[in-house]
Each structure stands twice: as C-alpha cells, then as structure tokens.
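Peer 1: As input, take query.txt (compact mmCIF, N, CA and C atoms):
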```
# COMPACT_ATOMS: atom_id res chain seq x y z
N MET J 1292 13.72 -22.40 108.74
CA MET J 1292 12.44 -22.85 108.22
C MET J 1292 12.59 -23.34 106.78
N GLU J 1293 13.33 -22.64 105.98
CA GLU J 1293 13.52 -23.01 104.58
C GLU J 1293 14.19 -24.39 104.47
N GLN J 1294 15.15 -24.67 105.34
CA GLN J 1294 15.82 -25.98 105.33
C GLN J 1294 14.83 -27.09 105.63
N ARG J 1295 13.92 -26.82 106.53
CA ARG J 1295 12.91 -27.82 106.90
C ARG J 1295 12.01 -28.12 105.70
N ARG J 1296 11.61 -27.10 104.96
CA ARG J 1296 10.78 -27.30 103.76
C ARG J 1296 11.53 -28.13 102.72
N LYS J 1297 12.79 -27.82 102.54
CA LYS J 1297 13.59 -28.56 101.56
C LYS J 1297 13.73 -30.03 101.97
N ALA J 1298 13.90 -30.26 103.26
CA ALA J 1298 14.00 -31.64 103.76
C ALA J 1298 12.68 -32.37 103.54
N ARG J 1299 11.56 -31.71 103.77
CA ARG J 1299 10.25 -32.32 103.54
C ARG J 1299 10.04 -32.65 102.07
N LEU J 1300 10.47 -31.75 101.19
CA LEU J 1300 10.36 -31.99 99.74
C LEU J 1300 11.18 -33.21 99.35
N LEU J 1301 12.43 -33.25 99.78
CA LEU J 1301 13.30 -34.39 99.45
C LEU J 1301 12.75 -35.69 100.03
N ASN J 1302 12.16 -35.63 101.22
CA ASN J 1302 11.58 -36.81 101.82
C ASN J 1302 10.44 -37.36 100.95
N CYS J 1303 9.60 -36.48 100.44
CA CYS J 1303 8.50 -36.91 99.57
C CYS J 1303 9.04 -37.57 98.31
N LEU J 1304 9.99 -36.93 97.68
CA LEU J 1304 10.54 -37.46 96.44
C LEU J 1304 11.22 -38.81 96.67
N GLN J 1305 11.98 -38.91 97.74
CA GLN J 1305 12.68 -40.16 98.03
C GLN J 1305 11.68 -41.27 98.39
N THR J 1306 10.62 -40.92 99.09
CA THR J 1306 9.59 -41.90 99.43
C THR J 1306 8.99 -42.52 98.17
N ILE J 1307 8.71 -41.67 97.20
CA ILE J 1307 8.16 -42.16 95.93
C ILE J 1307 9.16 -43.07 95.23
N LEU J 1308 10.42 -42.66 95.20
CA LEU J 1308 11.45 -43.48 94.56
C LEU J 1308 11.63 -44.82 95.29
N ASP J 1309 11.46 -44.81 96.59
CA ASP J 1309 11.61 -46.04 97.38
C ASP J 1309 10.52 -47.06 97.07
N MET J 1310 9.45 -46.64 96.43
CA MET J 1310 8.34 -47.54 96.09
C MET J 1310 8.58 -48.29 94.77
N GLU J 1311 9.70 -48.05 94.13
CA GLU J 1311 9.95 -48.62 92.81
C GLU J 1311 9.81 -50.14 92.78
N SER J 1312 10.36 -50.84 93.75
CA SER J 1312 10.28 -52.31 93.71
C SER J 1312 8.84 -52.78 93.81
N GLU J 1313 8.02 -52.11 94.63
CA GLU J 1313 6.61 -52.48 94.73
C GLU J 1313 5.89 -52.18 93.42
N LEU J 1314 6.24 -51.07 92.79
CA LEU J 1314 5.60 -50.69 91.53
C LEU J 1314 5.92 -51.67 90.41
N ARG J 1315 7.10 -52.26 90.45
CA ARG J 1315 7.48 -53.22 89.42
C ARG J 1315 6.56 -54.45 89.42
N SER J 1316 5.92 -54.70 90.56
CA SER J 1316 5.03 -55.85 90.65
C SER J 1316 3.64 -55.56 90.08
N ILE J 1317 3.38 -54.32 89.74
CA ILE J 1317 2.08 -53.93 89.18
C ILE J 1317 2.20 -53.85 87.66
N ARG J 1318 1.46 -54.68 87.00
CA ARG J 1318 1.55 -54.75 85.54
C ARG J 1318 1.24 -53.42 84.86
N GLU J 1319 0.28 -52.68 85.39
CA GLU J 1319 -0.15 -51.43 84.78
C GLU J 1319 0.78 -50.25 85.10
N ALA J 1320 1.84 -50.48 85.84
CA ALA J 1320 2.68 -49.40 86.33
C ALA J 1320 3.82 -49.03 85.40
N GLY J 1321 3.83 -49.54 84.17
CA GLY J 1321 4.94 -49.27 83.26
C GLY J 1321 5.22 -47.80 83.05
N SER J 1322 4.19 -47.01 82.85
CA SER J 1322 4.40 -45.57 82.61
C SER J 1322 4.91 -44.88 83.87
N ILE J 1323 4.47 -45.35 85.03
CA ILE J 1323 4.93 -44.75 86.28
C ILE J 1323 6.42 -45.02 86.47
N LEU J 1324 6.87 -46.21 86.11
CA LEU J 1324 8.29 -46.54 86.26
C LEU J 1324 9.16 -45.62 85.42
N GLY J 1325 8.68 -45.28 84.22
CA GLY J 1325 9.41 -44.32 83.39
C GLY J 1325 9.49 -42.96 84.05
N GLU J 1326 8.41 -42.57 84.71
CA GLU J 1326 8.38 -41.30 85.43
C GLU J 1326 9.36 -41.30 86.60
N LEU J 1327 9.54 -42.45 87.23
CA LEU J 1327 10.50 -42.55 88.34
C LEU J 1327 11.92 -42.29 87.85
N THR J 1328 12.22 -42.76 86.65
CA THR J 1328 13.54 -42.49 86.07
C THR J 1328 13.72 -40.99 85.87
N SER J 1329 12.67 -40.33 85.39
CA SER J 1329 12.72 -38.88 85.21
C SER J 1329 12.87 -38.17 86.55
N LEU J 1330 12.13 -38.63 87.54
CA LEU J 1330 12.20 -38.03 88.87
C LEU J 1330 13.61 -38.17 89.46
N ARG J 1331 14.21 -39.34 89.28
CA ARG J 1331 15.57 -39.56 89.78
C ARG J 1331 16.55 -38.58 89.12
N SER J 1332 16.39 -38.35 87.82
CA SER J 1332 17.23 -37.40 87.10
C SER J 1332 17.05 -35.98 87.62
N ILE J 1333 15.80 -35.61 87.81
CA ILE J 1333 15.50 -34.26 88.31
C ILE J 1333 16.11 -34.06 89.69
N MET J 1334 16.01 -35.08 90.53
CA MET J 1334 16.57 -34.96 91.89
C MET J 1334 18.08 -34.76 91.84
N ARG J 1335 18.76 -35.43 90.90
CA ARG J 1335 20.21 -35.27 90.80
C ARG J 1335 20.59 -33.85 90.39
N GLU J 1336 19.76 -33.24 89.56
CA GLU J 1336 20.06 -31.91 89.03
C GLU J 1336 19.44 -30.78 89.86
N LEU J 1337 18.64 -31.13 90.85
CA LEU J 1337 17.95 -30.15 91.66
C LEU J 1337 18.94 -29.33 92.47
N LYS J 1338 18.83 -28.05 92.39
CA LYS J 1338 19.71 -27.15 93.13
C LYS J 1338 18.89 -26.53 94.26
N LEU J 1339 18.74 -27.29 95.33
CA LEU J 1339 17.90 -26.83 96.44
C LEU J 1339 18.45 -25.58 97.11
N GLY J 1340 19.73 -25.42 97.10
CA GLY J 1340 20.33 -24.24 97.72
C GLY J 1340 19.89 -22.95 97.06
N GLN J 1341 19.50 -23.03 95.80
CA GLN J 1341 19.09 -21.85 95.05
C GLN J 1341 17.58 -21.70 94.97
N MET J 1342 16.84 -22.63 95.54
CA MET J 1342 15.38 -22.62 95.44
C MET J 1342 14.75 -21.95 96.65
N GLN J 1343 13.64 -21.28 96.40
CA GLN J 1343 12.80 -20.77 97.46
C GLN J 1343 11.51 -21.58 97.43
N LEU J 1344 11.21 -22.24 98.52
CA LEU J 1344 10.02 -23.08 98.59
C LEU J 1344 8.97 -22.41 99.48
N GLU J 1345 7.78 -22.31 98.96
CA GLU J 1345 6.67 -21.80 99.73
C GLU J 1345 6.04 -22.96 100.51
N GLU J 1346 5.54 -22.68 101.68
CA GLU J 1346 4.88 -23.70 102.50
C GLU J 1346 3.73 -24.35 101.73
N SER J 1347 2.98 -23.56 100.99
CA SER J 1347 1.84 -24.10 100.25
C SER J 1347 2.29 -25.10 99.18
N ASP J 1348 3.45 -24.86 98.57
CA ASP J 1348 3.98 -25.80 97.57
C ASP J 1348 4.39 -27.12 98.21
N VAL J 1349 5.05 -27.03 99.34
CA VAL J 1349 5.49 -28.24 100.03
C VAL J 1349 4.27 -29.04 100.52
N LEU J 1350 3.27 -28.35 101.04
CA LEU J 1350 2.05 -29.03 101.48
C LEU J 1350 1.36 -29.73 100.31
N ARG J 1351 1.33 -29.09 99.16
CA ARG J 1351 0.72 -29.69 97.97
C ARG J 1351 1.46 -30.96 97.57
N ILE J 1352 2.79 -30.93 97.62
CA ILE J 1352 3.60 -32.10 97.27
C ILE J 1352 3.41 -33.21 98.31
N GLU J 1353 3.35 -32.83 99.58
CA GLU J 1353 3.12 -33.83 100.63
C GLU J 1353 1.74 -34.48 100.45
N ASN J 1354 0.73 -33.68 100.15
CA ASN J 1354 -0.62 -34.23 99.94
C ASN J 1354 -0.66 -35.15 98.73
N ALA J 1355 0.02 -34.77 97.66
CA ALA J 1355 0.06 -35.62 96.46
C ALA J 1355 0.79 -36.92 96.76
N THR J 1356 1.85 -36.85 97.53
CA THR J 1356 2.60 -38.06 97.91
C THR J 1356 1.73 -38.99 98.74
N MET J 1357 1.01 -38.42 99.71
CA MET J 1357 0.12 -39.23 100.54
C MET J 1357 -0.99 -39.87 99.70
N ALA J 1358 -1.53 -39.13 98.74
CA ALA J 1358 -2.59 -39.69 97.88
C ALA J 1358 -2.03 -40.83 97.04
N PHE J 1359 -0.82 -40.66 96.50
CA PHE J 1359 -0.17 -41.70 95.71
C PHE J 1359 0.05 -42.96 96.54
N LEU J 1360 0.55 -42.79 97.76
CA LEU J 1360 0.79 -43.93 98.63
C LEU J 1360 -0.53 -44.61 99.02
N HIS J 1361 -1.56 -43.82 99.22
CA HIS J 1361 -2.87 -44.38 99.54
C HIS J 1361 -3.39 -45.23 98.38
N GLU J 1362 -3.24 -44.74 97.16
CA GLU J 1362 -3.68 -45.49 95.98
C GLU J 1362 -2.93 -46.82 95.87
N LEU J 1363 -1.64 -46.79 96.15
CA LEU J 1363 -0.86 -48.03 96.13
C LEU J 1363 -1.33 -48.99 97.22
N GLU J 1364 -1.60 -48.46 98.38
CA GLU J 1364 -2.08 -49.29 99.49
C GLU J 1364 -3.40 -49.95 99.12
N VAL J 1365 -4.31 -49.19 98.53
CA VAL J 1365 -5.60 -49.74 98.11
C VAL J 1365 -5.38 -50.83 97.06
N HIS J 1366 -4.51 -50.58 96.11
CA HIS J 1366 -4.22 -51.57 95.07
C HIS J 1366 -3.72 -52.88 95.68
N PHE J 1367 -2.75 -52.76 96.59
CA PHE J 1367 -2.17 -53.97 97.17
C PHE J 1367 -3.16 -54.68 98.09
N GLN J 1368 -4.00 -53.93 98.79
CA GLN J 1368 -5.02 -54.57 99.63
C GLN J 1368 -6.03 -55.32 98.78
N ASN J 1369 -6.42 -54.74 97.65
CA ASN J 1369 -7.37 -55.38 96.76
C ASN J 1369 -6.80 -56.64 96.12
N ASN J 1370 -5.49 -56.69 95.95
CA ASN J 1370 -4.86 -57.83 95.30
C ASN J 1370 -4.37 -58.88 96.28
N ASP J 1371 -4.43 -58.61 97.59
CA ASP J 1371 -3.98 -59.59 98.59
C ASP J 1371 -4.81 -60.86 98.56
N GLY J 1372 -6.09 -60.75 98.24
CA GLY J 1372 -6.97 -61.90 98.25
C GLY J 1372 -6.85 -62.78 97.03
N LYS J 1373 -6.18 -62.32 95.99
CA LYS J 1373 -6.06 -63.11 94.76
C LYS J 1373 -4.97 -64.17 94.92
N SER J 1374 -5.17 -65.27 94.30
CA SER J 1374 -4.19 -66.36 94.41
C SER J 1374 -2.95 -66.05 93.58
N ILE J 1375 -1.87 -66.65 93.94
CA ILE J 1375 -0.63 -66.49 93.20
C ILE J 1375 -0.81 -67.03 91.79
N ALA J 1376 -1.49 -68.14 91.65
CA ALA J 1376 -1.70 -68.73 90.33
C ALA J 1376 -2.46 -67.75 89.44
N HIS J 1377 -3.45 -67.08 89.96
CA HIS J 1377 -4.21 -66.11 89.17
C HIS J 1377 -3.28 -64.98 88.73
N GLY J 1378 -2.40 -64.55 89.62
CA GLY J 1378 -1.46 -63.49 89.28
C GLY J 1378 -0.51 -63.90 88.17
N LEU J 1379 -0.14 -65.17 88.15
CA LEU J 1379 0.78 -65.64 87.12
C LEU J 1379 0.08 -65.75 85.77
N LEU J 1380 -1.20 -65.97 85.78
CA LEU J 1380 -1.94 -66.09 84.53
C LEU J 1380 -2.16 -64.75 83.84
N GLN J 1381 -2.04 -63.67 84.57
CA GLN J 1381 -2.29 -62.35 83.98
C GLN J 1381 -1.19 -62.03 83.08
```
If you took the structure in this file and wrote it as structure tokens, what would it be?
Peer 2:
Amino acid sequence: MEQRRKARLLNCLQTILDMESELRSIREAGSILGELTSLRSIMRELKLGQMQLEESDVLRIENATMAFLHELEVHFQNNDGKSIAHGLLQ
C-alpha cells in the first residue's frame, strides 16, 4: 500500500512538471515556472524510501493537482477564441 501512495505522489509531481511547456505560453506564469524549477530539485532530493505517506496527504496532493490542471484547462479554453494576432500584441 505504501508503494502505491508513493507512486501516486510521484505521478502528481511529474504531471505538474510535464505542464511546463504549456505554462511557458502563459505570460502570467513566470512565478509558476520558477516554482517548477524548485519542484524538480525537490524531486531529485526526495528520499521516498524513508518517507511515510498518509492516505490523507496523498489525497490532498491529488486534489491540488486536479485543481491546478482544471485552472489551466479553463485558462486555455478561455484563450482559444482569441486571435493569434491579439496574442502577439500582448
């Protein structure tokens, strides 16, 4: 069971990191990109073998990841209707 929680945690973190290219297209995402660098560092130093993960902690991280992805989806849906020329003028 513990291995499954660790895999779920890593999946959430990797999912967020995988969004980096999409985030680069958002002008307001500069601070988030810096956080991704920090997250990547933390993941490299993370010692999962020594960690005890509670189900409630993993669920909280999964919910936060889903909320983050939902916010990105809403942002991209709202910007789909804008013209490319308008995007270049920003």
Peer 1: Between atom C of Ser1332 in chain J and atom C of Val1365 in chain J, what distance in Å does the model show, to one decimal?
Peer 2: 28.5 Å
Peer 1: May I ask for the distance between CA of Ile1323 in chain J and atom C of Asp1309 in chain J, given in Å to one decimal place?
Peer 2: 12.4 Å
Peer 1: Rank nothing, just name the residue among J:Ser1316, J:Glu1345, J:Ser1329, J:Thr1356 nearest to Leu1304 in chain J, using only C-alpha atoms.
Peer 2: J:Thr1356
Peer 1: Take atom N of Gln1294 in chain J and CA of Gly1340 in chain J and report the distance between them in Å, one decimal.
Peer 2: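 Interatomic distance, atom N of Gln1294 in chain J to CA of Gly1340 in chain J: 9.2 Å.
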Peer 1: Looking only at the backbone, which of the residues in range 1309-1364 of chain J does DSSP tag as helix (DSSP H, G or I), as a PyMOL selection string?
Peer 2: chain J and resi 1309+1311-1315+1318-1336+1339-1341+1346-1364
Peer 1: Considering only N, CA and C atoms, return as a tab-separated table (two decimals) with N, CA and C atoms, in the frame of the given file whatever protein or nucleic-acid residues lie within 8 Å of Ile1307 in chain J, sequence-local ones (same chain, fewer than 6 positions apart) excluded.
Peer 2:
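Output saved as around08.tsv:
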```
chain	number	residue	atom	x	y	z
J	1301	LEU	N	12.43	-33.25	99.78
J	1301	LEU	CA	13.30	-34.39	99.45
J	1301	LEU	C	12.75	-35.69	100.03
J	1327	LEU	N	9.54	-42.45	87.23
J	1327	LEU	CA	10.50	-42.55	88.34
J	1327	LEU	C	11.92	-42.29	87.85
J	1356	THR	N	1.85	-36.85	97.53
J	1356	THR	CA	2.60	-38.06	97.91
J	1356	THR	C	1.73	-38.99	98.74
J	1360	LEU	N	0.55	-42.79	97.76
J	1360	LEU	CA	0.79	-43.93	98.63
J	1360	LEU	C	-0.53	-44.61	99.02
```
Peer 1: List every protein, DNA or RNA residue with an atom no more than 8 Å from (11.0, -41.1, 94.3) in the file's coordinates, counting all atoms listed in the file, and format the result as a PDB file with N, CA and C atoms, in the coordinates of the input.
Peer 2:
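Contents of selection-v2.pdb, freshly written:
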```pdb
ATOM      1  N   ASN J1302      12.160 -35.630 101.220  1.00  0.00           N
ATOM      2  CA  ASN J1302      11.580 -36.810 101.820  1.00  0.00           C
ATOM      3  C   ASN J1302      10.440 -37.360 100.950  1.00  0.00           C
ATOM      4  N   CYS J1303       9.600 -36.480 100.440  1.00  0.00           N
ATOM      5  CA  CYS J1303       8.500 -36.910  99.570  1.00  0.00           C
ATOM      6  C   CYS J1303       9.040 -37.570  98.310  1.00  0.00           C
ATOM      7  N   LEU J1304       9.990 -36.930  97.680  1.00  0.00           N
ATOM      8  CA  LEU J1304      10.540 -37.460  96.440  1.00  0.00           C
ATOM      9  C   LEU J1304      11.220 -38.810  96.670  1.00  0.00           C
ATOM     10  N   GLN J1305      11.980 -38.910  97.740  1.00  0.00           N
ATOM     11  CA  GLN J1305      12.680 -40.160  98.030  1.00  0.00           C
ATOM     12  C   GLN J1305      11.680 -41.270  98.390  1.00  0.00           C
ATOM     13  N   THR J1306      10.620 -40.920  99.090  1.00  0.00           N
ATOM     14  CA  THR J1306       9.590 -41.900  99.430  1.00  0.00           C
ATOM     15  C   THR J1306       8.990 -42.520  98.170  1.00  0.00           C
ATOM     16  N   ILE J1307       8.710 -41.670  97.200  1.00  0.00           N
ATOM     17  CA  ILE J1307       8.160 -42.160  95.930  1.00  0.00           C
ATOM     18  C   ILE J1307       9.160 -43.070  95.230  1.00  0.00           C
ATOM     19  N   LEU J1308      10.420 -42.660  95.200  1.00  0.00           N
ATOM     20  CA  LEU J1308      11.450 -43.480  94.560  1.00  0.00           C
ATOM     21  C   LEU J1308      11.630 -44.820  95.290  1.00  0.00           C
ATOM     22  N   ASP J1309      11.460 -44.810  96.590  1.00  0.00           N
ATOM     23  CA  ASP J1309      11.610 -46.040  97.380  1.00  0.00           C
ATOM     24  C   ASP J1309      10.520 -47.060  97.070  1.00  0.00           C
ATOM     25  N   MET J1310       9.450 -46.640  96.430  1.00  0.00           N
ATOM     26  CA  MET J1310       8.340 -47.540  96.090  1.00  0.00           C
ATOM     27  C   MET J1310       8.580 -48.290  94.770  1.00  0.00           C
ATOM     28  N   GLU J1311       9.700 -48.050  94.130  1.00  0.00           N
ATOM     29  CA  GLU J1311       9.950 -48.620  92.810  1.00  0.00           C
ATOM     30  C   GLU J1311       9.810 -50.140  92.780  1.00  0.00           C
ATOM     31  N   GLU J1326       8.410 -42.570  84.710  1.00  0.00           N
ATOM     32  CA  GLU J1326       8.380 -41.300  85.430  1.00  0.00           C
ATOM     33  C   GLU J1326       9.360 -41.300  86.600  1.00  0.00           C
ATOM     34  N   LEU J1327       9.540 -42.450  87.230  1.00  0.00           N
ATOM     35  CA  LEU J1327      10.500 -42.550  88.340  1.00  0.00           C
ATOM     36  C   LEU J1327      11.920 -42.290  87.850  1.00  0.00           C
ATOM     37  N   THR J1328      12.220 -42.760  86.650  1.00  0.00           N
ATOM     38  CA  THR J1328      13.540 -42.490  86.070  1.00  0.00           C
ATOM     39  C   THR J1328      13.720 -40.990  85.870  1.00  0.00           C
ATOM     40  N   LEU J1330      12.130 -38.630  87.540  1.00  0.00           N
ATOM     41  CA  LEU J1330      12.200 -38.030  88.870  1.00  0.00           C
ATOM     42  C   LEU J1330      13.610 -38.170  89.460  1.00  0.00           C
ATOM     43  N   ARG J1331      14.210 -39.340  89.280  1.00  0.00           N
ATOM     44  CA  ARG J1331      15.570 -39.560  89.780  1.00  0.00           C
ATOM     45  C   ARG J1331      16.550 -38.580  89.120  1.00  0.00           C
TER      46      ARG J1331
END
```
Peer 1: Considering only N, CA and C atoms, can you say which of J:His1366, J:Arg1299, J:Arg1318, J:Lys1338 comes closest to Glu1353 in chain J?
Peer 2: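 Under the stated criterion, the closest residue is J:Arg1299.
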Peer 1: Pick the closest to Leu1300 in chain J from J:Glu1336, J:Asp1348, J:Glu1313, J:Glu1319: which is it, counting only C-alpha atoms?
Peer 2: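 The shortest atom-to-atom distance to Leu1300 in chain J comes from J:Asp1348.
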